[in-house]
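J.: First, the structure itself, so that you have it in front of you.
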Amino acid sequence: MLRYLSLFGQYFVQYAKVRLGYRGDFLLSVATMALATACGIATVFLIFRGVPQISGWSFTQILFLYGFSLLPLSLYNMISINLYYFAETYIVMGKFDQVLLRPVNPLFQILFEKFRLESVGDTVLGVFIVATCARAMDLALGWREWLIIALASICGAALYTAIFLMLTCVSFWMEDRVGVIPPVYNMLAFGRYPLDIYGQFIRFLLSWVIPFGFASFYPSAFLLRKSIGTYIYALPVVTAVFVAAAAVIWNRGVRNYSSTGS
Amino acid sequence: MQGCVEVSDLVKHFRSFERKEGLWGALQNLFVREYKTVAAVDGISFTIQRGEMVGYIGPNGAGKSTSIKMLAGILSPTSGTVRANGFEPFRERARYTRTIGAVFGQRTQLWWDIAVVESFRLLKRIYRVSDADYAARMKEFDEVLELGRYLHMPVRKLSLGERMRCDMAAALLHNPPLLFLDEPTIGLDIVAKENIRAFLKRVNRQYGTTVLLTTHDLSDIEELCPRLMIIDHGRLLFDGGLAELKRQLWSETTVRFDLKDRDQALIFESLEIPGVRREKLSDLSYRLSFHRDSRTAADLIRQVVTAVDVLDISIEEQSIEDVVSRIYQGGLSEAVRCLR
């Protein structure tokens, strides 16, 4: 465990050095990421500004939710970059052989060999929006609330990672270059707005099938003291179930790779 | 036992489906798939002792890579067993990979974008090499492989030869007792090849490292490997020393005769020379091959020269390439039969 922690540090520092080495490229991607986030926030303003309330959510609360949603997402984005390249680079081009030759857990290598450093910008922005909105609503955020925010964000990031890892595992069985990941990734956007505004079906889908709602909606609702926020107690369980399922599927995938050589 | 490999009845089947051509075929592929099973490795057994250097050769698609991947723990065997360094490679991969080194073909195991020395430091951490060992080994690698010049360059900027040297060093950083090399000299110029070979010899001598290498360059085998294994269609065709292969196949002598004119050629063709294989190269030149035990070249030449007017005679040496390509074409038994 300690060894992996130190390895994680090493991997991170190495990758950071590389990225910061290409200064122009790095700054450009920070700018792009910031622009994308700005567009998202602008959308919230455009849609919800004129409306005093939607399904019992005020504009400030919706902005709070949006800010909160940036936290688990940015953490997930930080480590997920290799999942998108997995089929192409690791399976089709065979880099997975190299991964299996090293005495380090294969999943660890995939997740922590590359980082999307520019996501830190979103984390900072998310914290800023949450804090600002809370102040505007006279919502006191003490250390207990911040601890809940931190833990929920980590759980949410783990949940995202588990969901997308399961989808990534498809390439162990099928040569899947186009991928099922992008459409699901686009569904993430649903989780940035109150689930109450959607119909029964989507609400169910985002809670229990692809539970993006647990990553940002339920924790935000909890912090905003809404009754539906009590769902947050299910967050650790949902996360644990999905992480466990992803681990099982991943291990099966690795075993399948080893028997087919893909 | 460290550095020792035992393989028995190793089999690897791949199941692949036959893709049909064209758009209609692609549509059919969606619904109906006809699978066929291919035996990439079809019952191989051998033992490699600690400190041996073994060459593993065979034509493309013979099953070399598949079997070496099973030995390295990347692929699981369909049946049969592998034991290496006291481990079962696939099942105990996490612990096993710590005890092996591997350089697989043209793919690098170094991190593409970071300086070579940074890759080494990461590997040092991964394999938990002590500072003292690391320093000693880097010094040694630098002496033979001359890494110093490009240690601080990112891997992507290195030439193939430079990268291969770095990959070799990376694979041996933790001083594994067992080393797998898949085409370690492919695409390298003669200097880089010599350099890599010298390095391997030295490592083998100094640490008793067991080495299994695949190659298409038979001079690798001649220089490095007292023992070679020839594989084709997933089966082991030959397992023994180069000397033994020579004894089995090299026993052929070839004499080429260039004759004066067409009349002489007709006389030559009517000559009865038992135990000799005849090959017509052109109207006036012939190649005769015979088994060394059956007669001598002098004897044959005397017989021909007394009967026919000969312009020129040359005795041809057979190269290892000839022998091996003959084995590839027809299998070992075929090659032996056609030479006898």
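Residue names in the structure tokens use chain letters A, B, ... in the order shown, residue numbers from 1 in each chain, and ligand numbers from 1 in the order shown.
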From a backbone DSSP assignment, name each residue in stretch 47-274 of chain B labelled strand (DSSP E), as a PyMOL selection string.

T.: chain B and resi 47-48+53-57+79-84+100-104+178-182+210-214+227-232+235-241+252-259

J.: I need the contact residues of chain B against chain A, so if you could list those with any atom within 7 Å, counting only C-alpha atoms, and return them as a list in words, that would help.

T.: Phe14, Ile74, Leu75, Ser76, Ala94, Arg95, Thr97, Arg98, Gln109, Asp113 and Ile114 of chain B

J.: Excluding stretch 60-75 of chain A and its own-chain neighbours fewer than 3 positions away, which residues fall within 8 Å of it when counting only C-alpha atoms? Please give them as a PyMOL selection string.

T.: chain A and resi 41+44+57+78-79+119-120+122-123+125-130+133-134+136-137+152-157+160+191-194+215-217+220-221+224

J.: From the DSSP assignment of the backbone, select every residue of stretch 43-216 of chain A that is alpha helix (DSSP H), and format the answer as an MDAnalysis selection string.

T.: chainID A and resid 43:48 59:85 96:101 106:112 120:136 143:173 181:187 200:204

J.: Could you pull the residues within 10 Å of B:Val38, counting only C-alpha atoms, minus those fewer than 2 positions along the same chain, as a ChimeraX atom specification?

T.: /B:12-16,35-36,40-42,234

J.: Just want the 12 Å neighbourhood of B:Lys64, counted on only C-alpha atoms, with same-chain residues fewer than 4 positions away dropped. Output as a PyMOL selection string.

T.: chain B and resi 12+40-42+44+55-60+68-71+104+180-183+212-216+229-236

J.: By how many Å are atom CA of B:Gly208 and atom CA of B:Gly3 apart?

T.: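 One can read the atom CA of B:Gly208 to atom CA of B:Gly3 distance as 8.3 Å.
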